[in-house]
>>> print(open('final-v9.cif').read())   # mmCIF, C-alpha atoms
data_start
#
loop_
_atom_site.label_atom_id
_atom_site.label_comp_id
_atom_site.auth_asym_id
_atom_site.auth_seq_id
_atom_site.Cartn_x
_atom_site.Cartn_y
_atom_site.Cartn_z
CA MET A 64 7.88 14.77 -1.58
CA PRO A 65 6.90 18.32 -2.39
CA GLN A 66 3.36 18.82 -3.55
CA GLY A 67 3.23 18.54 -7.32
CA GLN A 68 2.02 21.29 -9.55
CA PRO A 69 -0.23 20.37 -12.44
CA SER A 70 1.33 21.04 -15.80
CA THR A 71 -1.89 22.49 -17.19
CA VAL A 72 -4.89 24.15 -15.58
CA PRO A 73 -8.09 22.76 -17.05
CA ASP A 74 -10.68 25.07 -18.55
CA ASP A 75 -13.50 23.40 -16.65
CA GLY A 76 -14.80 26.35 -14.66
CA LEU A 77 -13.98 24.62 -11.38
CA THR A 78 -12.04 26.08 -8.49
CA THR A 79 -9.01 24.28 -7.08
CA ARG A 80 -11.11 23.39 -4.04
CA GLN A 81 -13.80 21.88 -6.23
CA ARG A 82 -11.21 19.90 -8.17
CA ARG A 83 -9.67 18.71 -4.91
CA ASN A 84 -12.97 17.12 -3.99
CA GLN A 85 -13.72 15.48 -7.30
CA PRO A 86 -14.27 11.77 -7.02
CA VAL A 87 -11.32 9.66 -8.09
CA LEU A 88 -11.37 6.32 -9.86
CA ALA A 89 -8.00 4.64 -9.30
CA VAL A 90 -6.78 1.37 -10.77
CA HIS A 91 -3.77 -0.57 -9.47
CA THR A 92 -2.77 -3.16 -12.03
CA GLY A 93 0.24 -5.00 -13.42
CA PRO A 94 2.07 -8.18 -12.40
CA GLY A 95 4.03 -6.74 -9.48
CA LYS A 96 3.41 -6.69 -5.75
CA GLY A 97 1.59 -3.94 -3.93
CA LYS A 98 -1.64 -3.49 -5.87
CA SER A 99 -3.94 -4.43 -3.00
CA THR A 100 -1.47 -3.34 -0.36
CA ALA A 101 -1.41 0.18 -1.77
CA ALA A 102 -5.22 0.21 -1.95
CA PHE A 103 -5.45 -0.67 1.74
CA GLY A 104 -2.85 1.98 2.42
CA LEU A 105 -5.16 4.46 0.69
CA ALA A 106 -7.94 3.25 2.96
CA LEU A 107 -5.82 4.39 5.93
CA ARG A 108 -5.90 7.90 4.52
CA GLY A 109 -9.65 7.78 4.00
CA TRP A 110 -10.11 6.43 7.51
CA ASN A 111 -8.07 9.36 8.81
CA GLN A 112 -10.43 11.73 6.99
CA GLY A 113 -13.36 10.10 8.79
CA TRP A 114 -14.74 8.60 5.60
CA PRO A 115 -16.99 5.55 5.65
CA ILE A 116 -15.03 2.87 3.81
CA GLY A 117 -16.39 -0.19 2.07
CA VAL A 118 -14.04 -3.03 1.17
CA PHE A 119 -15.20 -5.71 -1.28
CA GLN A 120 -12.85 -8.65 -1.77
CA PHE A 121 -13.71 -10.25 -5.07
CA VAL A 122 -11.43 -13.28 -4.97
CA LYS A 123 -11.62 -16.09 -2.45
CA SER A 124 -8.25 -15.93 -0.72
CA ALA A 125 -9.08 -14.56 2.69
CA LYS A 126 -5.78 -15.68 4.14
CA TRP A 127 -3.85 -13.26 1.99
CA LYS A 128 -5.45 -10.10 3.37
CA VAL A 129 -5.96 -11.16 6.95
CA GLY A 130 -3.58 -8.53 8.30
CA GLU A 131 -5.19 -5.68 6.42
CA GLU A 132 -8.66 -6.88 7.35
CA ARG A 133 -7.90 -7.05 11.05
CA ALA A 134 -6.14 -3.69 10.99
CA LEU A 135 -8.99 -1.95 9.19
CA ARG A 136 -11.58 -3.57 11.46
CA VAL A 137 -9.69 -2.38 14.55
CA LEU A 138 -9.35 1.10 13.05
CA GLY A 139 -13.00 1.21 12.01
CA ALA A 140 -14.07 0.27 15.52
CA SER A 141 -11.63 2.64 17.25
CA GLY A 142 -14.01 5.59 17.04
CA GLU A 143 -11.11 7.76 15.88
CA GLY A 144 -11.50 7.79 12.12
CA GLY A 145 -14.18 6.61 9.72
CA PRO A 146 -16.12 3.35 9.96
CA VAL A 147 -15.00 0.38 7.87
CA THR A 148 -17.27 -2.27 6.39
CA TRP A 149 -15.55 -5.38 5.06
CA HIS A 150 -17.22 -7.74 2.64
CA LYS A 151 -15.57 -10.85 1.36
CA MET A 152 -16.63 -13.31 -1.21
CA GLY A 153 -14.75 -16.21 0.37
CA GLU A 154 -17.18 -16.38 3.27
CA GLY A 155 -20.23 -15.26 1.32
CA TRP A 156 -21.09 -11.61 0.96
CA SER A 157 -22.18 -10.26 4.28
CA TRP A 158 -25.61 -9.21 2.98
CA VAL A 159 -26.42 -12.49 1.17
CA GLN A 160 -28.66 -14.86 3.07
CA ARG A 161 -28.40 -17.85 0.75
CA ASP A 162 -25.58 -19.97 -0.62
CA LEU A 163 -24.36 -18.79 -3.98
CA GLU A 164 -23.81 -21.54 -6.50
CA SER A 165 -20.57 -20.42 -8.06
CA SER A 166 -17.80 -17.87 -7.88
CA GLU A 167 -19.28 -16.29 -10.97
CA GLU A 168 -22.64 -15.81 -9.30
CA ALA A 169 -20.91 -14.54 -6.17
CA ALA A 170 -18.91 -11.98 -8.16
CA ARG A 171 -22.07 -10.75 -9.88
CA GLU A 172 -23.85 -10.45 -6.55
CA GLY A 173 -20.92 -8.47 -5.21
CA TRP A 174 -21.09 -6.04 -8.10
CA GLU A 175 -24.86 -5.66 -7.65
CA GLN A 176 -24.24 -4.65 -4.05
CA VAL A 177 -21.57 -2.17 -5.09
CA LYS A 178 -24.10 -0.64 -7.47
CA ARG A 179 -26.67 -0.35 -4.69
CA ASP A 180 -24.12 1.22 -2.37
CA LEU A 181 -22.94 3.68 -5.01
CA ALA A 182 -26.54 4.71 -5.70
CA ALA A 183 -27.17 5.16 -1.98
CA GLU A 184 -23.78 6.85 -1.43
CA THR A 185 -23.13 4.41 1.41
CA TYR A 186 -19.37 4.91 1.46
CA ARG A 187 -16.93 7.66 0.61
CA LEU A 188 -14.19 5.21 -0.46
CA TYR A 189 -14.68 1.81 -2.09
CA VAL A 190 -11.88 -0.72 -2.30
CA LEU A 191 -12.90 -3.24 -4.96
CA ASP A 192 -10.09 -5.69 -4.39
CA GLU A 193 -9.23 -7.98 -7.31
CA PHE A 194 -12.31 -6.76 -9.15
CA THR A 195 -10.42 -6.78 -12.45
CA TYR A 196 -10.66 -10.58 -12.58
CA PRO A 197 -14.49 -10.84 -12.79
CA MET A 198 -14.27 -8.28 -15.61
CA HIS A 199 -11.40 -10.08 -17.29
CA TRP A 200 -13.21 -13.40 -17.07
CA GLY A 201 -16.42 -11.88 -18.47
CA TRP A 202 -18.44 -12.52 -15.33
CA VAL A 203 -19.21 -8.84 -14.94
CA ASP A 204 -19.72 -6.57 -17.93
CA THR A 205 -16.89 -4.05 -18.16
CA GLU A 206 -18.97 -1.56 -20.13
CA GLU A 207 -21.60 -1.58 -17.42
CA VAL A 208 -18.95 -1.12 -14.73
CA VAL A 209 -17.49 1.86 -16.58
CA SER A 210 -20.92 3.36 -17.13
CA VAL A 211 -22.01 2.96 -13.51
CA LEU A 212 -18.75 4.39 -12.23
CA ARG A 213 -18.89 7.31 -14.66
CA ASP A 214 -22.38 8.23 -13.49
CA ARG A 215 -21.92 7.59 -9.78
CA PRO A 216 -23.38 10.38 -7.64
CA GLY A 217 -21.55 12.55 -5.14
CA ALA A 218 -17.85 12.38 -4.36
CA GLN A 219 -17.33 8.64 -3.97
CA HIS A 220 -13.76 7.45 -4.54
CA VAL A 221 -13.23 4.00 -5.98
CA VAL A 222 -10.02 1.95 -6.07
CA ILE A 223 -9.95 -1.21 -8.17
CA THR A 224 -7.07 -3.68 -7.96
CA GLY A 225 -5.91 -6.70 -9.93
CA ARG A 226 -4.06 -7.81 -13.04
CA TYR A 227 -5.50 -7.64 -16.54
CA ALA A 228 -7.45 -4.42 -16.03
CA PRO A 229 -9.60 -4.00 -19.15
CA GLN A 230 -8.60 -1.12 -21.41
CA ALA A 231 -12.03 0.52 -21.12
CA LEU A 232 -11.57 0.66 -17.36
CA LEU A 233 -8.10 2.18 -17.71
CA ASP A 234 -9.52 4.75 -20.11
CA ALA A 235 -12.19 5.70 -17.58
CA ALA A 236 -9.79 5.89 -14.62
CA ASP A 237 -8.33 9.11 -13.24
CA LEU A 238 -5.31 7.41 -11.73
CA VAL A 239 -3.66 4.25 -13.02
CA THR A 240 -0.58 2.72 -11.46
CA GLU A 241 1.09 -0.34 -12.86
CA MET A 242 3.06 -2.43 -10.42
CA THR A 243 5.93 -4.09 -12.25
CA LYS A 244 7.72 -7.08 -10.83
CA VAL A 245 11.43 -6.39 -10.94
CA LYS A 246 12.57 -9.09 -8.56
CA HIS A 247 10.66 -11.47 -6.32
CA PRO A 248 11.81 -13.98 -3.68
CA MET A 249 9.89 -16.75 -5.47
CA ASP A 250 12.33 -16.33 -8.33
CA ALA A 251 14.99 -17.54 -5.91
CA GLY A 252 12.82 -20.47 -4.86
CA ARG A 253 11.35 -18.97 -1.73
CA LYS A 254 7.70 -19.51 -0.93
CA GLY A 255 5.40 -16.86 0.48
CA GLN A 256 6.52 -15.47 3.80
CA ARG A 257 4.45 -14.83 6.87
CA GLY A 258 3.91 -11.14 7.49
CA ILE A 259 5.14 -10.26 4.03
CA GLU A 260 2.79 -12.11 1.73
CA TRP A 261 -0.19 -12.21 4.07
CA MET B 1449 -4.86 -15.13 -5.79
CA PRO B 1450 -3.69 -18.67 -5.30
CA GLN B 1451 -0.42 -19.10 -3.47
CA GLY B 1452 2.39 -19.11 -6.00
CA GLN B 1453 4.77 -21.98 -6.42
CA PRO B 1454 8.43 -21.21 -6.84
CA SER B 1455 9.75 -22.20 -10.23
CA THR B 1456 12.89 -23.68 -8.72
CA VAL B 1457 13.71 -25.12 -5.34
CA PRO B 1458 17.05 -23.80 -4.13
CA ASP B 1459 19.79 -26.17 -3.12
CA ASP B 1460 20.45 -24.28 0.10
CA GLY B 1461 19.79 -27.01 2.63
CA LEU B 1462 16.93 -25.01 4.19
CA THR B 1463 13.43 -26.28 4.88
CA THR B 1464 10.40 -24.44 3.52
CA ARG B 1465 9.71 -23.25 7.06
CA GLN B 1466 13.21 -21.86 7.38
CA ARG B 1467 12.91 -20.11 4.03
CA ARG B 1468 9.53 -18.68 5.08
CA ASN B 1469 11.20 -16.96 8.00
CA GLN B 1470 14.17 -15.56 6.15
CA PRO B 1471 14.47 -11.83 6.49
CA VAL B 1472 13.31 -9.87 3.46
CA LEU B 1473 14.75 -6.67 2.05
CA ALA B 1474 12.09 -5.05 -0.14
CA VAL B 1475 12.44 -1.94 -2.28
CA HIS B 1476 9.50 0.02 -3.73
CA THR B 1477 10.78 2.35 -6.38
CA GLY B 1478 9.78 4.00 -9.66
CA PRO B 1479 7.90 7.18 -10.56
CA GLY B 1480 4.37 5.89 -9.88
CA LYS B 1481 2.08 6.16 -6.87
CA GLY B 1482 1.90 3.63 -4.11
CA LYS B 1483 5.51 3.13 -3.06
CA SER B 1484 5.04 4.35 0.50
CA THR B 1485 1.40 3.38 0.59
CA ALA B 1486 2.25 -0.25 -0.14
CA ALA B 1487 4.99 -0.16 2.50
CA PHE B 1488 2.50 1.01 5.10
CA GLY B 1489 0.12 -1.68 3.89
CA LEU B 1490 2.88 -4.20 4.57
CA ALA B 1491 3.17 -2.73 8.05
CA LEU B 1492 -0.47 -3.71 8.62
CA ARG B 1493 0.49 -7.32 7.98
CA GLY B 1494 3.43 -7.12 10.34
CA TRP B 1495 1.25 -5.48 12.98
CA ASN B 1496 -1.20 -8.36 12.59
CA GLN B 1497 1.66 -10.79 13.26
CA GLY B 1498 2.41 -8.95 16.47
CA TRP B 1499 5.73 -7.66 15.21
CA PRO B 1500 7.34 -4.55 16.67
CA ILE B 1501 7.43 -2.07 13.78
CA GLY B 1502 9.73 0.89 13.35
CA VAL B 1503 8.88 3.58 10.82
CA PHE B 1504 11.54 6.10 9.81
CA GLN B 1505 10.41 8.92 7.54
CA PHE B 1506 13.46 10.31 5.79
CA VAL B 1507 11.92 13.25 3.97
CA LYS B 1508 10.30 16.25 5.60
CA SER B 1509 6.74 16.09 4.37
CA ALA B 1510 4.76 15.06 7.38
CA LYS B 1511 1.50 16.21 5.85
CA TRP B 1512 1.61 13.54 3.17
CA LYS B 1513 1.63 10.55 5.49
CA VAL B 1514 -0.61 11.87 8.23
CA GLY B 1515 -3.30 9.27 7.62
CA GLU B 1516 -0.94 6.33 7.73
CA GLU B 1517 0.81 7.71 10.78
CA ARG B 1518 -2.40 8.15 12.76
CA ALA B 1519 -3.66 4.73 11.68
CA LEU B 1520 -0.45 2.97 12.66
CA ARG B 1521 -0.28 4.84 15.96
CA VAL B 1522 -3.87 3.83 16.79
CA LEU B 1523 -3.11 0.24 15.79
CA GLY B 1524 0.12 0.16 17.75
CA ALA B 1525 -1.67 1.41 20.85
CA SER B 1526 -4.67 -0.90 20.44
CA GLY B 1527 -3.01 -3.78 22.26
CA GLU B 1528 -4.21 -6.14 19.52
CA GLY B 1529 -1.20 -6.44 17.24
CA GLY B 1530 2.41 -5.37 17.47
CA PRO B 1531 3.67 -2.05 18.80
CA VAL B 1532 4.53 0.72 16.34
CA THR B 1533 7.25 3.33 16.79
CA TRP B 1534 7.15 6.26 14.39
CA HIS B 1535 10.15 8.48 13.78
CA LYS B 1536 10.07 11.44 11.47
CA MET B 1537 12.76 13.72 10.33
CA GLY B 1538 10.42 16.69 9.82
CA GLU B 1539 9.98 17.12 13.57
CA GLY B 1540 13.43 15.96 14.53
CA TRP B 1541 14.15 12.32 15.17
CA SER B 1542 12.43 11.24 18.33
CA TRP B 1543 15.68 10.19 20.00
CA VAL B 1544 17.66 13.33 19.14
CA GLN B 1545 17.91 15.89 21.94
CA ARG B 1546 19.52 18.69 19.94
CA ASP B 1547 18.69 20.64 16.80
CA LEU B 1548 20.25 19.18 13.70
CA GLU B 1549 21.78 21.71 11.38
CA SER B 1550 20.66 20.40 8.04
CA SER B 1551 18.54 17.78 6.31
CA GLU B 1552 21.75 16.01 5.40
CA GLU B 1553 22.82 15.77 9.01
CA ALA B 1554 19.32 14.67 9.98
CA ALA B 1555 19.31 11.93 7.37
CA ARG B 1556 22.68 10.66 8.56
CA GLU B 1557 21.49 10.69 12.16
CA GLY B 1558 18.41 8.70 11.10
CA TRP B 1559 20.57 6.09 9.43
CA GLU B 1560 22.80 5.86 12.51
CA GLN B 1561 19.72 5.11 14.58
CA VAL B 1562 18.56 2.46 12.10
CA LYS B 1563 21.99 0.84 12.44
CA ARG B 1564 21.72 0.85 16.24
CA ASP B 1565 18.22 -0.63 16.08
CA LEU B 1566 19.25 -3.32 13.61
CA ALA B 1567 22.18 -4.29 15.83
CA ALA B 1568 19.88 -4.44 18.86
CA GLU B 1569 17.10 -6.18 16.89
CA THR B 1570 14.68 -3.55 18.16
CA TYR B 1571 12.03 -4.15 15.49
CA ARG B 1572 10.90 -7.03 13.33
CA LEU B 1573 9.88 -4.76 10.43
CA TYR B 1574 11.53 -1.48 9.42
CA VAL B 1575 9.85 0.95 7.05
CA LEU B 1576 12.57 3.29 5.79
CA ASP B 1577 10.31 5.68 3.97
CA GLU B 1578 11.93 7.71 1.18
CA PHE B 1579 15.33 6.46 2.26
CA THR B 1580 16.44 6.17 -1.37
CA TYR B 1581 16.83 9.94 -1.56
CA PRO B 1582 19.59 10.32 1.05
CA MET B 1583 21.42 7.55 -0.82
CA HIS B 1584 20.75 9.13 -4.21
CA TRP B 1585 21.95 12.50 -2.97
CA GLY B 1586 25.10 10.98 -1.48
CA TRP B 1587 24.22 11.92 2.10
CA VAL B 1588 24.34 8.30 3.19
CA ASP B 1589 26.79 5.83 1.68
CA THR B 1590 24.94 3.21 -0.34
CA GLU B 1591 27.71 0.64 0.00
CA GLU B 1592 27.54 0.95 3.76
CA VAL B 1593 23.74 0.60 3.70
CA VAL B 1594 23.99 -2.55 1.61
CA SER B 1595 26.69 -3.97 3.83
CA VAL B 1596 24.81 -3.26 7.08
CA LEU B 1597 21.61 -4.72 5.68
CA ARG B 1598 23.36 -7.80 4.34
CA ASP B 1599 24.88 -8.51 7.74
CA ARG B 1600 21.89 -7.62 9.89
CA PRO B 1601 21.22 -10.19 12.61
CA GLY B 1602 18.07 -12.22 13.17
CA ALA B 1603 14.97 -12.10 10.98
CA GLN B 1604 14.47 -8.37 10.58
CA HIS B 1605 12.48 -7.33 7.51
CA VAL B 1606 13.28 -4.00 5.87
CA VAL B 1607 11.21 -2.06 3.33
CA ILE B 1608 12.81 0.92 1.62
CA THR B 1609 10.77 3.32 -0.53
CA GLY B 1610 11.50 6.15 -2.94
CA ARG B 1611 12.54 6.96 -6.48
CA TYR B 1612 16.07 6.55 -7.81
CA ALA B 1613 16.93 3.45 -5.80
CA PRO B 1614 20.66 2.86 -6.32
CA GLN B 1615 21.51 -0.21 -8.37
CA ALA B 1616 23.59 -1.71 -5.56
CA LEU B 1617 20.52 -1.58 -3.33
CA LEU B 1618 18.36 -3.23 -5.98
CA ASP B 1619 21.00 -5.93 -6.39
CA ALA B 1620 20.95 -6.61 -2.66
CA ALA B 1621 17.14 -6.66 -2.38
CA ASP B 1622 15.03 -9.80 -2.26
CA LEU B 1623 11.93 -8.06 -3.55
CA VAL B 1624 11.85 -5.07 -5.88
CA THR B 1625 8.66 -3.52 -7.17
CA GLU B 1626 8.64 -0.63 -9.59
CA MET B 1627 5.58 1.57 -9.50
CA THR B 1628 4.99 2.99 -12.96
CA LYS B 1629 2.83 6.03 -13.53
CA VAL B 1630 0.36 5.20 -16.24
CA LYS B 1631 -2.09 8.01 -15.66
CA HIS B 1632 -2.37 10.64 -12.95
CA PRO B 1633 -5.00 13.27 -12.17
CA MET B 1634 -2.33 15.99 -12.22
CA ASP B 1635 -1.93 15.27 -15.92
CA ALA B 1636 -5.48 16.53 -16.30
CA GLY B 1637 -4.70 19.62 -14.25
CA ARG B 1638 -5.97 18.38 -10.92
CA LYS B 1639 -4.05 19.14 -7.77
CA GLY B 1640 -3.55 16.68 -4.94
CA GLN B 1641 -6.75 15.51 -3.36
CA ARG B 1642 -7.57 15.18 0.29
CA GLY B 1643 -7.75 11.55 1.39
CA ILE B 1644 -6.11 10.39 -1.80
CA GLU B 1645 -2.76 12.16 -1.80
CA TRP B 1646 -2.42 12.58 1.94
#
>>> encode(input="final-v9.cif", output="structure tokens")
Amino acid sequence: MPQGQPSTVPDDGLTTRQRRNQPVLAVHTGPGKGKSTAAFGLALRGWNQGWPIGVFQFVKSAKWKVGEERALRVLGASGEGGPVTWHKMGEGWSWVQRDLESSEEAAREGWEQVKRDLAAETYRLYVLDEFTYPMHWGWVDTEEVVSVLRDRPGAQHVVITGRYAPQALLDAADLVTEMTKVKHPMDAGRKGQRGIEW
Amino acid sequence: MPQGQPSTVPDDGLTTRQRRNQPVLAVHTGPGKGKSTAAFGLALRGWNQGWPIGVFQFVKSAKWKVGEERALRVLGASGEGGPVTWHKMGEGWSWVQRDLESSEEAAREGWEQVKRDLAAETYRLYVLDEFTYPMHWGWVDTEEVVSVLRDRPGAQHVVITGRYAPQALLDAADLVTEMTKVKHPMDAGRKGQRGIEW
């Protein structure tokens, strides 16, 4: 597709180059397919730019992202693009040395680590996969998330996926895409398919 | 997310395993972001399954998919998952030895190659990126596309991306996701950003 032209030029005193490097907060939400898949696709672009990428999987369903995880691990280790660090809640966060008592505690611990990494500017791109659910369920405070993301230093891009994205998060986001389910094989009685669903 | 249960079990005489291996035709359409990105994310899953993957880019805009292309080429050459073959119209189709006179001719030639590959079962997953446009513009006959896809042999999965997907294609698809633009940085006067848009 041709490169889009913005309909207005903001009166923010920034050059196009500066605007091009502004950090982006993207949210992929809605009931359709492709929210996480598109986020991992974005990670391919970041990898190609040589960016350090941090993936945080906030819901225990490791099976469902096994293809993306292996692909990004192979890419991160290839020495060609940026490094990739993959954290998943299902097997305990990689930095946690003790057993966490509940999913709620695990989600909170994950968010604490994201905060530490944002403060330290550990990564250039964060994929916070299914992070809307801990917010939706009230395990993590949405206002705090919005505030931390708003004040994050540097040019750190963040992509958050999942249904039920809180309105305050959508308001704070630069880019929101809703994936709408138009038709799905399960409607016709099919179960998840290897290579397609995971 | 937990694995979904189909709401009905079809009376088709197939086992769950057989249904799991049925070929899928997926369409990612709509005005929002993530149509191609999610298709390339699906390719990561196919790669992880060891599937031969064929990517056909039907619109000349190589710059926009450079990250995905490099990532999938590195993955395909890693020897870990399946092989990846990448064809793009912008630089001439890789199998065409002569200059094509127009984009229309190039799109038709691309579709002819897809037909040959489907007949030969060359790949297990086909990403026909932005292939809706040649159909929308009338360069490639939608009825023929639907017919060829309906009758394709084996268990070849096909993902087609782009806006303006013809209704007949949607009707024939097993999985349709519409990406809706809720909010985009260009609305706020930002131009495309490195690592995010390409």
>>> resolve_selection(input="final-v9.cif", expression="the PyMOL selection byres ((chain A and resi 146) around 9)", output="count of residues only")
18
>>> residues_around(input="final-v9.cif", residues="Glu1560 of chain B", least_positions_apart="4", cutoff="12 Å", atoms="all atoms listed in the file", output="ChimeraX atom specification")
/B:1504,1541,1543-1544,1553-1556,1564-1567,1588-1589,1592-1593,1596
>>> resolve_selection(input="final-v9.cif", expression="the PyMOL selection byres ((chain A and resi 213-219) around 7)", output="ChimeraX atom specification")
/A:84-86,181-182,186-188,209-212,220-221
>>> atom_distance(input="final-v9.cif", atom1="atom CA of Met1627 of chain B", atom2="atom CA of Asp237 of chain A")
16.3 Å
>>> resolve_selection(input="final-v9.cif", expression="the PyMOL selection byres ((chain A and resi 153) around 10)", output="PyMOL selection string")
chain A and resi 120-126+150-152+154-156+166+169
>>> write_last_selection(input="final-v9.cif", atoms="C-alpha atoms", output="PDB file, in the frame of the given file")
ATOM      1  CA  GLN A 120     -12.850  -8.650  -1.770  1.00  0.00           C
ATOM      2  CA  PHE A 121     -13.710 -10.250  -5.070  1.00  0.00           C
ATOM      3  CA  VAL A 122     -11.430 -13.280  -4.970  1.00  0.00           C
ATOM      4  CA  LYS A 123     -11.620 -16.090  -2.450  1.00  0.00           C
ATOM      5  CA  SER A 124      -8.250 -15.930  -0.720  1.00  0.00           C
ATOM      6  CA  ALA A 125      -9.080 -14.560   2.690  1.00  0.00           C
ATOM      7  CA  LYS A 126      -5.780 -15.680   4.140  1.00  0.00           C
ATOM      8  CA  HIS A 150     -17.220  -7.740   2.640  1.00  0.00           C
ATOM      9  CA  LYS A 151     -15.570 -10.850   1.360  1.00  0.00           C
ATOM     10  CA  MET A 152     -16.630 -13.310  -1.210  1.00  0.00           C
ATOM     11  CA  GLU A 154     -17.180 -16.380   3.270  1.00  0.00           C
ATOM     12  CA  GLY A 155     -20.230 -15.260   1.320  1.00  0.00           C
ATOM     13  CA  TRP A 156     -21.090 -11.610   0.960  1.00  0.00           C
ATOM     14  CA  SER A 166     -17.800 -17.870  -7.880  1.00  0.00           C
ATOM     15  CA  ALA A 169     -20.910 -14.540  -6.170  1.00  0.00           C
TER      16      ALA A 169
END
>>> atom_distance(input="final-v9.cif", atom1="atom CA of His1476 of chain B", atom2="atom CA of Trp149 of chain A")
27.1 Å
